[in-house]
file work-v2.tsv (TSV, N, CA and C atoms)
chain	number	residue	atom	x	y	z
A	1	MET	N	-114.44	-231.42	-22.12
A	1	MET	CA	-115.70	-231.67	-22.80
A	1	MET	C	-116.73	-232.20	-21.80
A	2	ASP	N	-117.92	-231.67	-21.86
A	2	ASP	CA	-119.05	-232.10	-21.04
A	2	ASP	C	-119.41	-233.54	-21.37
A	3	GLN	N	-119.78	-234.31	-20.34
A	3	GLN	CA	-120.15	-235.72	-20.52
A	3	GLN	C	-121.32	-235.88	-21.49
A	4	ARG	N	-122.12	-234.85	-21.65
A	4	ARG	CA	-123.31	-234.92	-22.51
A	4	ARG	C	-123.07	-234.40	-23.92
A	5	GLU	N	-121.82	-234.12	-24.26
A	5	GLU	CA	-121.49	-233.61	-25.58
A	5	GLU	C	-120.58	-234.60	-26.31
A	6	LEU	N	-120.89	-234.80	-27.58
A	6	LEU	CA	-120.05	-235.67	-28.41
A	6	LEU	C	-118.77	-234.96	-28.79
A	7	SER	N	-117.71	-235.71	-28.91
A	7	SER	CA	-116.47	-235.12	-29.44
A	7	SER	C	-116.71	-234.78	-30.90
A	8	GLU	N	-115.98	-233.81	-31.39
A	8	GLU	CA	-116.14	-233.41	-32.80
A	8	GLU	C	-115.77	-234.56	-33.73
A	9	ALA	N	-114.80	-235.38	-33.34
A	9	ALA	CA	-114.38	-236.53	-34.16
A	9	ALA	C	-115.53	-237.51	-34.38
A	10	VAL	N	-116.36	-237.71	-33.35
A	10	VAL	CA	-117.52	-238.60	-33.49
A	10	VAL	C	-118.66	-237.87	-34.20
A	11	ARG	N	-118.90	-236.64	-33.82
A	11	ARG	CA	-120.01	-235.87	-34.39
A	11	ARG	C	-119.93	-235.78	-35.91
A	12	ILE	N	-118.76	-235.58	-36.47
A	12	ILE	CA	-118.65	-235.42	-37.93
A	12	ILE	C	-118.92	-236.73	-38.68
A	13	LEU	N	-118.86	-237.86	-37.98
A	13	LEU	CA	-119.16	-239.15	-38.63
A	13	LEU	C	-120.66	-239.41	-38.75
A	14	LEU	N	-121.46	-238.71	-37.96
A	14	LEU	CA	-122.90	-238.94	-37.97
A	14	LEU	C	-123.54	-238.26	-39.16
A	15	LYS	N	-124.40	-238.98	-39.85
A	15	LYS	CA	-125.06	-238.42	-41.05
A	15	LYS	C	-125.91	-237.21	-40.69
A	16	GLU	N	-126.74	-237.35	-39.67
A	16	GLU	CA	-127.58	-236.25	-39.21
A	16	GLU	C	-127.45	-236.17	-37.69
A	17	PRO	N	-126.46	-235.44	-37.20
A	17	PRO	CA	-126.16	-235.43	-35.77
A	17	PRO	C	-127.33	-235.03	-34.87
A	18	ASP	N	-128.29	-234.28	-35.39
A	18	ASP	CA	-129.39	-233.82	-34.56
A	18	ASP	C	-130.62	-234.74	-34.65
A	19	SER	N	-130.50	-235.85	-35.34
A	19	SER	CA	-131.61	-236.80	-35.49
A	19	SER	C	-131.44	-237.97	-34.54
A	20	LEU	N	-132.54	-238.70	-34.35
A	20	LEU	CA	-132.45	-239.95	-33.60
A	20	LEU	C	-131.77	-241.01	-34.45
A	21	ILE	N	-131.00	-241.86	-33.80
A	21	ILE	CA	-130.23	-242.90	-34.48
A	21	ILE	C	-130.69	-244.26	-33.95
A	22	PRO	N	-131.10	-245.18	-34.84
A	22	PRO	CA	-131.43	-246.53	-34.36
A	22	PRO	C	-130.19	-247.20	-33.81
A	23	ALA	N	-130.37	-247.86	-32.66
A	23	ALA	CA	-129.25	-248.51	-31.97
A	23	ALA	C	-129.63	-249.95	-31.66
A	24	ILE	N	-128.91	-250.88	-32.26
A	24	ILE	CA	-129.15	-252.31	-32.07
A	24	ILE	C	-128.18	-252.80	-31.01
A	25	ALA	N	-128.73	-253.40	-29.95
A	25	ALA	CA	-127.87	-254.00	-28.91
A	25	ALA	C	-127.79	-255.49	-29.16
A	26	GLN	N	-126.56	-256.01	-29.16
A	26	GLN	CA	-126.38	-257.45	-29.32
A	26	GLN	C	-125.38	-257.96	-28.29
A	27	ASP	N	-125.58	-259.22	-27.91
A	27	ASP	CA	-124.72	-259.85	-26.92
A	27	ASP	C	-123.29	-259.93	-27.46
A	28	HIS	N	-122.33	-259.50	-26.68
A	28	HIS	CA	-120.95	-259.44	-27.15
A	28	HIS	C	-120.32	-260.81	-27.32
A	29	LEU	N	-120.86	-261.84	-26.67
A	29	LEU	CA	-120.29	-263.18	-26.82
A	29	LEU	C	-120.99	-263.98	-27.93
A	30	SER	N	-122.30	-264.01	-27.91
A	30	SER	CA	-123.05	-264.84	-28.87
A	30	SER	C	-123.40	-264.12	-30.16
A	31	GLY	N	-123.44	-262.79	-30.12
A	31	GLY	CA	-123.87	-262.02	-31.29
A	31	GLY	C	-125.38	-261.93	-31.42
A	32	LYS	N	-126.12	-262.52	-30.49
A	32	LYS	CA	-127.58	-262.50	-30.53
A	32	LYS	C	-128.09	-261.06	-30.41
A	33	VAL	N	-129.05	-260.71	-31.27
A	33	VAL	CA	-129.67	-259.39	-31.19
A	33	VAL	C	-130.58	-259.36	-29.97
A	34	LEU	N	-130.37	-258.36	-29.12
A	34	LEU	CA	-131.13	-258.26	-27.88
A	34	LEU	C	-132.29	-257.29	-27.98
A	35	MET	N	-132.07	-256.14	-28.60
A	35	MET	CA	-133.11	-255.13	-28.66
A	35	MET	C	-132.74	-254.03	-29.66
A	36	LEU	N	-133.72	-253.23	-29.99
A	36	LEU	CA	-133.54	-252.04	-30.80
A	36	LEU	C	-134.06	-250.86	-29.99
A	37	ALA	N	-133.27	-249.82	-29.92
A	37	ALA	CA	-133.69	-248.61	-29.22
A	37	ALA	C	-133.19	-247.42	-30.05
A	38	TRP	N	-133.33	-246.23	-29.51
A	38	TRP	CA	-132.95	-245.01	-30.21
A	38	TRP	C	-131.97	-244.22	-29.37
A	39	MET	N	-131.05	-243.55	-30.03
A	39	MET	CA	-130.11	-242.67	-29.36
A	39	MET	C	-130.15	-241.30	-30.03
A	40	ASN	N	-129.86	-240.29	-29.22
A	40	ASN	CA	-129.61	-238.96	-29.77
A	40	ASN	C	-128.16	-238.61	-29.42
A	41	GLN	N	-127.73	-237.42	-29.77
A	41	GLN	CA	-126.34	-237.02	-29.48
A	41	GLN	C	-126.00	-237.15	-28.01
A	42	GLU	N	-126.91	-236.69	-27.17
A	42	GLU	CA	-126.65	-236.69	-25.73
A	42	GLU	C	-126.53	-238.11	-25.18
A	43	SER	N	-127.45	-239.00	-25.56
A	43	SER	CA	-127.39	-240.37	-25.04
A	43	SER	C	-126.17	-241.11	-25.57
A	44	LEU	N	-125.79	-240.83	-26.81
A	44	LEU	CA	-124.58	-241.44	-27.36
A	44	LEU	C	-123.35	-240.95	-26.61
A	45	ALA	N	-123.28	-239.66	-26.34
A	45	ALA	CA	-122.15	-239.10	-25.60
A	45	ALA	C	-122.04	-239.72	-24.21
A	46	ILE	N	-123.17	-239.85	-23.52
A	46	ILE	CA	-123.17	-240.43	-22.17
A	46	ILE	C	-122.75	-241.89	-22.24
A	47	THR	N	-123.25	-242.62	-23.24
A	47	THR	CA	-122.88	-244.02	-23.41
A	47	THR	C	-121.38	-244.17	-23.62
A	48	LEU	N	-120.80	-243.32	-24.46
A	48	LEU	CA	-119.37	-243.39	-24.71
A	48	LEU	C	-118.56	-243.07	-23.45
A	49	GLN	N	-119.05	-242.16	-22.63
A	49	GLN	CA	-118.34	-241.77	-21.41
A	49	GLN	C	-118.47	-242.81	-20.30
A	50	THR	N	-119.69	-243.33	-20.10
A	50	THR	CA	-119.97	-244.19	-18.94
A	50	THR	C	-119.80	-245.68	-19.25
A	51	LYS	N	-119.82	-246.03	-20.53
A	51	LYS	CA	-119.77	-247.44	-20.98
A	51	LYS	C	-121.01	-248.22	-20.53
A	52	LYS	N	-122.11	-247.50	-20.23
A	52	LYS	CA	-123.42	-248.10	-19.95
A	52	LYS	C	-124.37	-247.59	-21.02
A	53	ALA	N	-125.15	-248.50	-21.61
A	53	ALA	CA	-126.07	-248.10	-22.67
A	53	ALA	C	-127.10	-247.10	-22.14
A	54	THR	N	-127.13	-245.95	-22.78
A	54	THR	CA	-128.09	-244.90	-22.46
A	54	THR	C	-128.82	-244.55	-23.74
A	55	TYR	N	-130.14	-244.60	-23.70
A	55	TYR	CA	-130.95	-244.41	-24.89
A	55	TYR	C	-131.85	-243.20	-24.74
A	56	TRP	N	-132.53	-242.84	-25.84
A	56	TRP	CA	-133.55	-241.80	-25.81
A	56	TRP	C	-134.90	-242.49	-25.89
A	57	SER	N	-135.75	-242.29	-24.90
A	57	SER	CA	-137.08	-242.87	-24.90
A	57	SER	C	-138.01	-241.97	-25.70
A	58	ARG	N	-138.50	-242.49	-26.82
A	58	ARG	CA	-139.43	-241.71	-27.64
A	58	ARG	C	-140.78	-241.56	-26.97
A	59	SER	N	-141.19	-242.57	-26.19
A	59	SER	CA	-142.51	-242.50	-25.55
A	59	SER	C	-142.50	-241.54	-24.34
A	60	ARG	N	-141.40	-241.52	-23.60
A	60	ARG	CA	-141.30	-240.65	-22.42
A	60	ARG	C	-140.60	-239.33	-22.72
A	61	ASN	N	-139.98	-239.26	-23.90
A	61	ASN	CA	-139.27	-238.05	-24.31
A	61	ASN	C	-138.19	-237.66	-23.30
A	62	GLU	N	-137.37	-238.68	-22.94
A	62	GLU	CA	-136.30	-238.44	-21.96
A	62	GLU	C	-135.19	-239.47	-22.12
A	63	LEU	N	-134.04	-239.16	-21.54
A	63	LEU	CA	-132.93	-240.11	-21.52
A	63	LEU	C	-133.29	-241.31	-20.66
A	64	TRP	N	-132.74	-242.46	-21.03
A	64	TRP	CA	-133.06	-243.70	-20.34
A	64	TRP	C	-131.80	-244.56	-20.27
A	65	VAL	N	-131.26	-244.73	-19.07
A	65	VAL	CA	-130.13	-245.62	-18.86
A	65	VAL	C	-130.70	-247.03	-18.71
A	66	LYS	N	-130.38	-247.90	-19.66
A	66	LYS	CA	-130.90	-249.26	-19.62
A	66	LYS	C	-130.46	-249.90	-18.30
A	67	GLY	N	-131.44	-250.36	-17.52
A	67	GLY	CA	-131.15	-250.99	-16.25
A	67	GLY	C	-131.28	-250.08	-15.04
A	68	SER	N	-131.55	-248.80	-15.25
A	68	SER	CA	-131.59	-247.87	-14.10
A	68	SER	C	-132.70	-248.22	-13.12
A	69	THR	N	-133.80	-248.80	-13.58
A	69	THR	CA	-134.86	-249.21	-12.65
A	69	THR	C	-134.86	-250.72	-12.43
A	70	SER	N	-134.52	-251.49	-13.45
A	70	SER	CA	-134.59	-252.96	-13.35
A	70	SER	C	-133.30	-253.60	-12.84
A	71	GLY	N	-132.19	-252.89	-12.98
A	71	GLY	CA	-130.89	-253.48	-12.66
A	71	GLY	C	-130.31	-254.28	-13.82
A	72	HIS	N	-131.02	-254.31	-14.95
A	72	HIS	CA	-130.59	-255.08	-16.12
A	72	HIS	C	-129.77	-254.18	-17.06
A	73	PHE	N	-128.61	-253.82	-16.61
A	73	PHE	CA	-127.75	-252.90	-17.36
A	73	PHE	C	-127.14	-253.55	-18.59
A	74	GLN	N	-126.74	-252.72	-19.53
A	74	GLN	CA	-125.97	-253.15	-20.70
A	74	GLN	C	-124.62	-252.46	-20.62
A	75	LEU	N	-123.58	-253.25	-20.42
A	75	LEU	CA	-122.22	-252.72	-20.33
A	75	LEU	C	-121.59	-252.80	-21.72
A	76	ILE	N	-121.12	-251.67	-22.20
A	76	ILE	CA	-120.62	-251.57	-23.57
A	76	ILE	C	-119.25	-252.21	-23.70
A	77	LYS	N	-119.13	-253.12	-24.66
A	77	LYS	CA	-117.86	-253.74	-25.00
A	77	LYS	C	-117.30	-253.13	-26.28
A	78	GLU	N	-118.19	-252.89	-27.24
A	78	GLU	CA	-117.82	-252.22	-28.50
A	78	GLU	C	-119.03	-251.43	-28.96
A	79	LEU	N	-118.78	-250.38	-29.71
A	79	LEU	CA	-119.87	-249.57	-30.26
A	79	LEU	C	-119.50	-249.20	-31.69
A	80	TRP	N	-120.32	-249.65	-32.63
A	80	TRP	CA	-120.02	-249.51	-34.05
A	80	TRP	C	-121.02	-248.58	-34.73
A	81	LEU	N	-120.53	-247.75	-35.62
A	81	LEU	CA	-121.35	-246.88	-36.47
A	81	LEU	C	-121.30	-247.44	-37.88
A	82	ASP	N	-122.45	-247.51	-38.55
A	82	ASP	CA	-122.46	-248.07	-39.90
A	82	ASP	C	-121.83	-247.11	-40.91
A	83	CYS	N	-121.65	-247.60	-42.13
A	83	CYS	CA	-120.93	-246.86	-43.17
A	83	CYS	C	-121.64	-245.57	-43.59
A	84	ASP	N	-122.95	-245.49	-43.38
A	84	ASP	CA	-123.70	-244.28	-43.73
A	84	ASP	C	-123.79	-243.28	-42.59
A	85	GLY	N	-123.33	-243.67	-41.41
A	85	GLY	CA	-123.37	-242.77	-40.26
A	85	GLY	C	-124.76	-242.59	-39.68
A	86	ASP	N	-125.65	-243.58	-39.91
A	86	ASP	CA	-127.03	-243.39	-39.44
A	86	ASP	C	-127.60	-244.58	-38.68
A	87	ALA	N	-126.76	-245.49	-38.21
A	87	ALA	CA	-127.21	-246.61	-37.39
A	87	ALA	C	-126.05	-247.09	-36.53
A	88	LEU	N	-126.39	-247.61	-35.34
A	88	LEU	CA	-125.38	-248.07	-34.39
A	88	LEU	C	-125.61	-249.53	-34.01
A	89	VAL	N	-124.51	-250.22	-33.72
A	89	VAL	CA	-124.57	-251.55	-33.10
A	89	VAL	C	-123.76	-251.47	-31.82
A	90	LEU	N	-124.42	-251.81	-30.71
A	90	LEU	CA	-123.77	-251.84	-29.41
A	90	LEU	C	-123.52	-253.29	-29.06
A	91	SER	N	-122.28	-253.66	-28.91
A	91	SER	CA	-121.92	-255.00	-28.45
A	91	SER	C	-121.84	-254.90	-26.93
A	92	VAL	N	-122.73	-255.63	-26.23
A	92	VAL	CA	-122.89	-255.41	-24.80
A	92	VAL	C	-122.78	-256.68	-23.98
A	93	GLU	N	-122.41	-256.50	-22.73
A	93	GLU	CA	-122.58	-257.53	-21.72
A	93	GLU	C	-123.91	-257.22	-21.06
A	94	GLN	N	-124.90	-258.08	-21.29
A	94	GLN	CA	-126.23	-257.87	-20.75
A	94	GLN	C	-126.30	-258.43	-19.34
A	95	ILE	N	-126.65	-257.58	-18.39
A	95	ILE	CA	-126.86	-258.01	-17.01
A	95	ILE	C	-128.37	-258.24	-16.84
A	96	GLY	N	-128.78	-259.49	-16.63
A	96	GLY	CA	-130.22	-259.80	-16.56
A	96	GLY	C	-130.82	-259.86	-17.95
A	97	SER	N	-132.12	-259.75	-18.01
A	97	SER	CA	-132.80	-259.84	-19.31
A	97	SER	C	-132.78	-258.50	-20.03
A	98	ALA	N	-132.80	-258.56	-21.36
A	98	ALA	CA	-132.80	-257.33	-22.15
A	98	ALA	C	-134.21	-256.78	-22.34
A	99	CYS	N	-135.19	-257.67	-22.39
A	99	CYS	CA	-136.57	-257.28	-22.71
A	99	CYS	C	-137.37	-257.00	-21.45
A	100	HIS	N	-138.26	-256.04	-21.52
A	100	HIS	CA	-139.12	-255.72	-20.38
A	100	HIS	C	-140.07	-256.85	-20.03
A	101	THR	N	-140.24	-257.82	-20.94
A	101	THR	CA	-141.09	-258.99	-20.68
A	101	THR	C	-140.38	-260.04	-19.83
A	102	GLY	N	-139.08	-259.85	-19.62
A	102	GLY	CA	-138.29	-260.81	-18.87
A	102	GLY	C	-137.54	-261.79	-19.76
A	103	LYS	N	-137.77	-261.73	-21.06
A	103	LYS	CA	-137.06	-262.61	-21.99
A	103	LYS	C	-135.66	-262.04	-22.23
A	104	ASP	N	-134.77	-262.93	-22.70
A	104	ASP	CA	-133.39	-262.49	-22.90
A	104	ASP	C	-133.24	-261.57	-24.11
A	105	SER	N	-134.19	-261.60	-25.04
A	105	SER	CA	-134.17	-260.76	-26.22
A	105	SER	C	-135.57	-260.21	-26.48
A	106	CYS	N	-135.65	-259.01	-27.00
A	106	CYS	CA	-136.95	-258.45	-27.40
A	106	CYS	C	-137.45	-259.12	-28.69
A	107	PHE	N	-136.57	-259.81	-29.38
A	107	PHE	CA	-136.92	-260.48	-30.63
A	107	PHE	C	-137.18	-261.95	-30.35
A	108	HIS	N	-138.39	-262.24	-29.85
A	108	HIS	CA	-138.74	-263.61	-29.48
A	108	HIS	C	-140.01	-264.11	-30.16
A	109	GLN	N	-140.52	-263.36	-31.13
A	109	GLN	CA	-141.72	-263.76	-31.85
A	109	GLN	C	-141.35	-264.05	-33.31
A	110	ASN	N	-141.26	-265.33	-33.67
A	110	ASN	CA	-140.89	-265.73	-35.01
A	110	ASN	C	-142.11	-265.67	-35.92
A	111	LEU	N	-142.18	-264.65	-36.75
A	111	LEU	CA	-143.34	-264.45	-37.62
A	111	LEU	C	-143.47	-265.51	-38.70
A	112	LEU	N	-142.36	-266.08	-39.15
A	112	LEU	CA	-142.45	-267.16	-40.13
A	112	LEU	C	-143.17	-268.35	-39.54
A	113	GLU	N	-142.84	-268.69	-38.30
A	113	GLU	CA	-143.51	-269.80	-37.65
A	113	GLU	C	-144.98	-269.48	-37.39
A	114	LEU	N	-145.29	-268.27	-37.00
A	114	LEU	CA	-146.66	-267.88	-36.70
A	114	LEU	C	-147.55	-267.82	-37.94
A	115	SER	N	-146.94	-267.56	-39.10
A	115	SER	CA	-147.74	-267.41	-40.32
A	115	SER	C	-148.02	-268.72	-41.02
A	116	GLN	N	-147.48	-269.83	-40.54
A	116	GLN	CA	-147.69	-271.12	-41.19
A	116	GLN	C	-148.83	-271.89	-40.58
call {"tool": "encode", "arguments": {"input": "work-v2.tsv", "output": "structure tokens"}}
result
Amino acid sequence: MDQRELSEAVRILLKEPDSLIPAIAQDHLSGKVLMLAWMNQESLAITLQTKKATYWSRSRNELWVKGSTSGHFQLIKELWLDCDGDALVLSVEQIGSACHTGKDSCFHQNLLELSQ
């Protein structure tokens, strides 16, 4: 099987295999949500093969290995598919910061606090 192709066992679990799938990355030790990105079949297949988070960039319309330019890789510890087959949770060892702002998580703006 090509590194860029999903196994049939995984493919049949996906609700819409040809659609983008939201992928939530969380720290494998703390459970903290680090970021939300998107995967397609190819990026999911590469992630499963390499154990490095590989996403689909909607803005650049291309595959994106998290950390390929920054060195802030996400090493996959576990990868979960939800019961509907349309969302993923990646339990990762985050090397460096997860957010392009340099913060450890992309979720650093508490709207409840800001709205008071």
call {"tool": "select_by_dssp", "arguments": {"input": "work-v2.tsv", "residues": "chain A", "states": "helix (DSSP H, G or I)", "output": "JSON, numbers by chain"}}
result
{"A": [8, 9, 10, 11, 41, 42, 43, 44, 45, 46, 47, 48, 49, 50, 111, 112, 113, 114]}
call {"tool": "atom_distance", "arguments": {"input": "work-v2.tsv", "atom1": "atom N of A:Arg11", "atom2": "atom N of A:Gln41"}}
result
9.7 Å
call {"tool": "atom_distance", "arguments": {"input": "work-v2.tsv", "atom1": "atom C of A:Ser70", "atom2": "atom N of A:Val33"}}
result
20.2 Å
call {"tool": "residues_around", "arguments": {"input": "work-v2.tsv", "residues": "A:Ser19", "least_positions_apart": "2", "cutoff": "7 Å", "atoms": "all atoms listed in the file", "output": "PyMOL selection string"}}
result
chain A and resi 16-17+21+39-41
call {"tool": "write_last_selection", "arguments": {"input": "work-v2.tsv", "atoms": "N, CA and C atoms", "output": "CSV table (one decimal), keeping the file's coordinate frame"}}
result
chain,number,residue,atom,x,y,z
A,16,GLU,N,-126.7,-237.4,-39.7
A,16,GLU,CA,-127.6,-236.2,-39.2
A,16,GLU,C,-127.4,-236.2,-37.7
A,17,PRO,N,-126.5,-235.4,-37.2
A,17,PRO,CA,-126.2,-235.4,-35.8
A,17,PRO,C,-127.3,-235.0,-34.9
A,21,ILE,N,-131.0,-241.9,-33.8
A,21,ILE,CA,-130.2,-242.9,-34.5
A,21,ILE,C,-130.7,-244.3,-34.0
A,39,MET,N,-131.0,-243.6,-30.0
A,39,MET,CA,-130.1,-242.7,-29.4
A,39,MET,C,-130.2,-241.3,-30.0
A,40,ASN,N,-129.9,-240.3,-29.2
A,40,ASN,CA,-129.6,-239.0,-29.8
A,40,ASN,C,-128.2,-238.6,-29.4
A,41,GLN,N,-127.7,-237.4,-29.8
A,41,GLN,CA,-126.3,-237.0,-29.5
A,41,GLN,C,-126.0,-237.2,-28.0
call {"tool": "closest_residue", "arguments": {"input": "work-v2.tsv", "among": "A:Ser97, A:Thr47, A:Gln26, A:Ser115", "to": "A:Gly67", "atoms": "only C-alpha atoms"}}
result
A:Ser97
call {"tool": "residues_around", "arguments": {"input": "work-v2.tsv", "residues": "A:Val89", "least_positions_apart": "4", "cutoff": "6 Å", "atoms": "all atoms listed in the file", "output": "CSV table (one decimal) with N, CA and C atoms, in the frame of the given file"}}
result
chain,number,residue,atom,x,y,z
A,23,ALA,N,-130.4,-247.9,-32.7
A,23,ALA,CA,-129.2,-248.5,-32.0
A,23,ALA,C,-129.6,-250.0,-31.7
A,24,ILE,N,-128.9,-250.9,-32.3
A,24,ILE,CA,-129.2,-252.3,-32.1
A,24,ILE,C,-128.2,-252.8,-31.0
A,25,ALA,N,-128.7,-253.4,-30.0
A,25,ALA,CA,-127.9,-254.0,-28.9
A,25,ALA,C,-127.8,-255.5,-29.2
A,26,GLN,N,-126.6,-256.0,-29.2
A,26,GLN,CA,-126.4,-257.4,-29.3
A,26,GLN,C,-125.4,-258.0,-28.3
A,78,GLU,N,-118.2,-252.9,-27.2
A,78,GLU,CA,-117.8,-252.2,-28.5
A,78,GLU,C,-119.0,-251.4,-29.0
A,79,LEU,N,-118.8,-250.4,-29.7
A,79,LEU,CA,-119.9,-249.6,-30.3
A,79,LEU,C,-119.5,-249.2,-31.7
A,80,TRP,N,-120.3,-249.6,-32.6
A,80,TRP,CA,-120.0,-249.5,-34.0
A,80,TRP,C,-121.0,-248.6,-34.7
A,81,LEU,N,-120.5,-247.8,-35.6
A,81,LEU,CA,-121.4,-246.9,-36.5
A,81,LEU,C,-121.3,-247.4,-37.9
A,82,ASP,N,-122.4,-247.5,-38.6
A,82,ASP,CA,-122.5,-248.1,-39.9
A,82,ASP,C,-121.8,-247.1,-40.9
call {"tool": "atom_distance", "arguments": {"input": "work-v2.tsv", "atom1": "atom C of A:Ile46", "atom2": "atom N of A:Asp104"}}
result
24.2 Å
call {"tool": "closest_residue", "arguments": {"input": "work-v2.tsv", "among": "A:Asn110, A:Ser43, A:Ser7, A:Gln94", "to": "A:Leu63", "atoms": "only N, CA and C atoms"}}
result
A:Ser43
call {"tool": "axis_aligned_box", "arguments": {"input": "work-v2.tsv", "around": "stretch 51-58 of chain A", "padding_each_side": "8 Å", "output": "lines of an AutoDock Vina configuration file"}}
result
center_x = -130.3
center_y = -245.0
center_z = -23.8
size_x = 37.0
size_y = 22.9
size_z = 23.7
call {"tool": "closest_residue", "arguments": {"input": "work-v2.tsv", "among": "A:Lys77, A:Lys51, A:His72, A:Lys66", "to": "A:His28", "atoms": "only N, CA and C atoms"}}
result
A:Lys77
call {"tool": "closest_residue", "arguments": {"input": "work-v2.tsv", "among": "A:Asp27, A:Asp86, A:Glu42, A:Glu62", "to": "A:Lys15", "atoms": "all atoms listed in the file"}}
result
A:Asp86
call {"tool": "residues_around", "arguments": {"input": "work-v2.tsv", "residues": "A:Gly96", "least_positions_apart": "3", "cutoff": "8 Å", "atoms": "all atoms listed in the file", "output": "list in words"}}
result
Ser70, Gly71, His72, Phe73, Gln74, Glu93, Cys99, Gly102, Lys103 and Asp104 of chain A
call {"tool": "closest_residue", "arguments": {"input": "work-v2.tsv", "among": "A:Leu112, A:Cys106, A:Ser68, A:Pro22", "to": "A:Leu88", "atoms": "only N, CA and C atoms"}}
result
A:Pro22
call {"tool": "select_by_dssp", "arguments": {"input": "work-v2.tsv", "residues": "stretch 38-110 of chain A", "states": "strand (DSSP E or B)", "output": "mmCIF file with N, CA and C atoms, in the frame of the given file"}}
result
data_model
loop_
_atom_site.group_PDB
_atom_site.id
_atom_site.type_symbol
_atom_site.label_atom_id
_atom_site.label_comp_id
_atom_site.auth_asym_id
_atom_site.auth_seq_id
_atom_site.Cartn_x
_atom_site.Cartn_y
_atom_site.Cartn_z
ATOM 1 N N TRP A 38 -133.330 -246.230 -29.510
ATOM 2 C CA TRP A 38 -132.950 -245.010 -30.210
ATOM 3 C C TRP A 38 -131.970 -244.220 -29.370
ATOM 4 N N MET A 39 -131.050 -243.550 -30.030
ATOM 5 C CA MET A 39 -130.110 -242.670 -29.360
ATOM 6 C C MET A 39 -130.150 -241.300 -30.030
ATOM 7 N N LYS A 52 -122.110 -247.500 -20.230
ATOM 8 C CA LYS A 52 -123.420 -248.100 -19.950
ATOM 9 C C LYS A 52 -124.370 -247.590 -21.020
ATOM 10 N N THR A 54 -127.130 -245.950 -22.780
ATOM 11 C CA THR A 54 -128.090 -244.900 -22.460
ATOM 12 C C THR A 54 -128.820 -244.550 -23.740
ATOM 13 N N TYR A 55 -130.140 -244.600 -23.700
ATOM 14 C CA TYR A 55 -130.950 -244.410 -24.890
ATOM 15 C C TYR A 55 -131.850 -243.200 -24.740
ATOM 16 N N TRP A 56 -132.530 -242.840 -25.840
ATOM 17 C CA TRP A 56 -133.550 -241.800 -25.810
ATOM 18 C C TRP A 56 -134.900 -242.490 -25.890
ATOM 19 N N SER A 57 -135.750 -242.290 -24.900
ATOM 20 C CA SER A 57 -137.080 -242.870 -24.900
ATOM 21 C C SER A 57 -138.010 -241.970 -25.700
ATOM 22 N N GLU A 62 -137.370 -238.680 -22.940
ATOM 23 C CA GLU A 62 -136.300 -238.440 -21.960
ATOM 24 C C GLU A 62 -135.190 -239.470 -22.120
ATOM 25 N N LEU A 63 -134.040 -239.160 -21.540
ATOM 26 C CA LEU A 63 -132.930 -240.110 -21.520
ATOM 27 C C LEU A 63 -133.290 -241.310 -20.660
ATOM 28 N N TRP A 64 -132.740 -242.460 -21.030
ATOM 29 C CA TRP A 64 -133.060 -243.700 -20.340
ATOM 30 C C TRP A 64 -131.800 -244.560 -20.270
ATOM 31 N N VAL A 65 -131.260 -244.730 -19.070
ATOM 32 C CA VAL A 65 -130.130 -245.620 -18.860
ATOM 33 C C VAL A 65 -130.700 -247.030 -18.710
ATOM 34 N N GLN A 74 -126.740 -252.720 -19.530
ATOM 35 C CA GLN A 74 -125.970 -253.150 -20.700
ATOM 36 C C GLN A 74 -124.620 -252.460 -20.620
ATOM 37 N N LEU A 75 -123.580 -253.250 -20.420
ATOM 38 C CA LEU A 75 -122.220 -252.720 -20.330
ATOM 39 C C LEU A 75 -121.590 -252.800 -21.720
ATOM 40 N N ILE A 76 -121.120 -251.670 -22.200
ATOM 41 C CA ILE A 76 -120.620 -251.570 -23.570
ATOM 42 C C ILE A 76 -119.250 -252.210 -23.700
ATOM 43 N N LYS A 77 -119.130 -253.120 -24.660
ATOM 44 C CA LYS A 77 -117.860 -253.740 -25.000
ATOM 45 C C LYS A 77 -117.300 -253.130 -26.280
ATOM 46 N N GLU A 78 -118.190 -252.890 -27.240
ATOM 47 C CA GLU A 78 -117.820 -252.220 -28.500
ATOM 48 C C GLU A 78 -119.030 -251.430 -28.960
ATOM 49 N N LEU A 79 -118.780 -250.380 -29.710
ATOM 50 C CA LEU A 79 -119.870 -249.570 -30.260
ATOM 51 C C LEU A 79 -119.500 -249.200 -31.690
ATOM 52 N N TRP A 80 -120.320 -249.650 -32.630
ATOM 53 C CA TRP A 80 -120.020 -249.510 -34.050
ATOM 54 C C TRP A 80 -121.020 -248.580 -34.730
ATOM 55 N N LEU A 81 -120.530 -247.750 -35.620
ATOM 56 C CA LEU A 81 -121.350 -246.880 -36.470
ATOM 57 C C LEU A 81 -121.300 -247.440 -37.880
ATOM 58 N N LEU A 88 -126.390 -247.610 -35.340
ATOM 59 C CA LEU A 88 -125.380 -248.070 -34.390
ATOM 60 C C LEU A 88 -125.610 -249.530 -34.010
ATOM 61 N N VAL A 89 -124.510 -250.220 -33.720
ATOM 62 C CA VAL A 89 -124.570 -251.550 -33.100
ATOM 63 C C VAL A 89 -123.760 -251.470 -31.820
ATOM 64 N N LEU A 90 -124.420 -251.810 -30.710
ATOM 65 C CA LEU A 90 -123.770 -251.840 -29.410
ATOM 66 C C LEU A 90 -123.520 -253.290 -29.060
ATOM 67 N N SER A 91 -122.280 -253.660 -28.910
ATOM 68 C CA SER A 91 -121.920 -255.000 -28.450
ATOM 69 C C SER A 91 -121.840 -254.900 -26.930
ATOM 70 N N VAL A 92 -122.730 -255.630 -26.230
ATOM 71 C CA VAL A 92 -122.890 -255.410 -24.800
ATOM 72 C C VAL A 92 -122.780 -256.680 -23.980
ATOM 73 N N GLU A 93 -122.410 -256.500 -22.730
ATOM 74 C CA GLU A 93 -122.580 -257.530 -21.720
ATOM 75 C C GLU A 93 -123.910 -257.220 -21.060
ATOM 76 N N GLN A 94 -124.900 -258.080 -21.290
ATOM 77 C CA GLN A 94 -126.230 -257.870 -20.750
ATOM 78 C C GLN A 94 -126.300 -258.430 -19.340
#
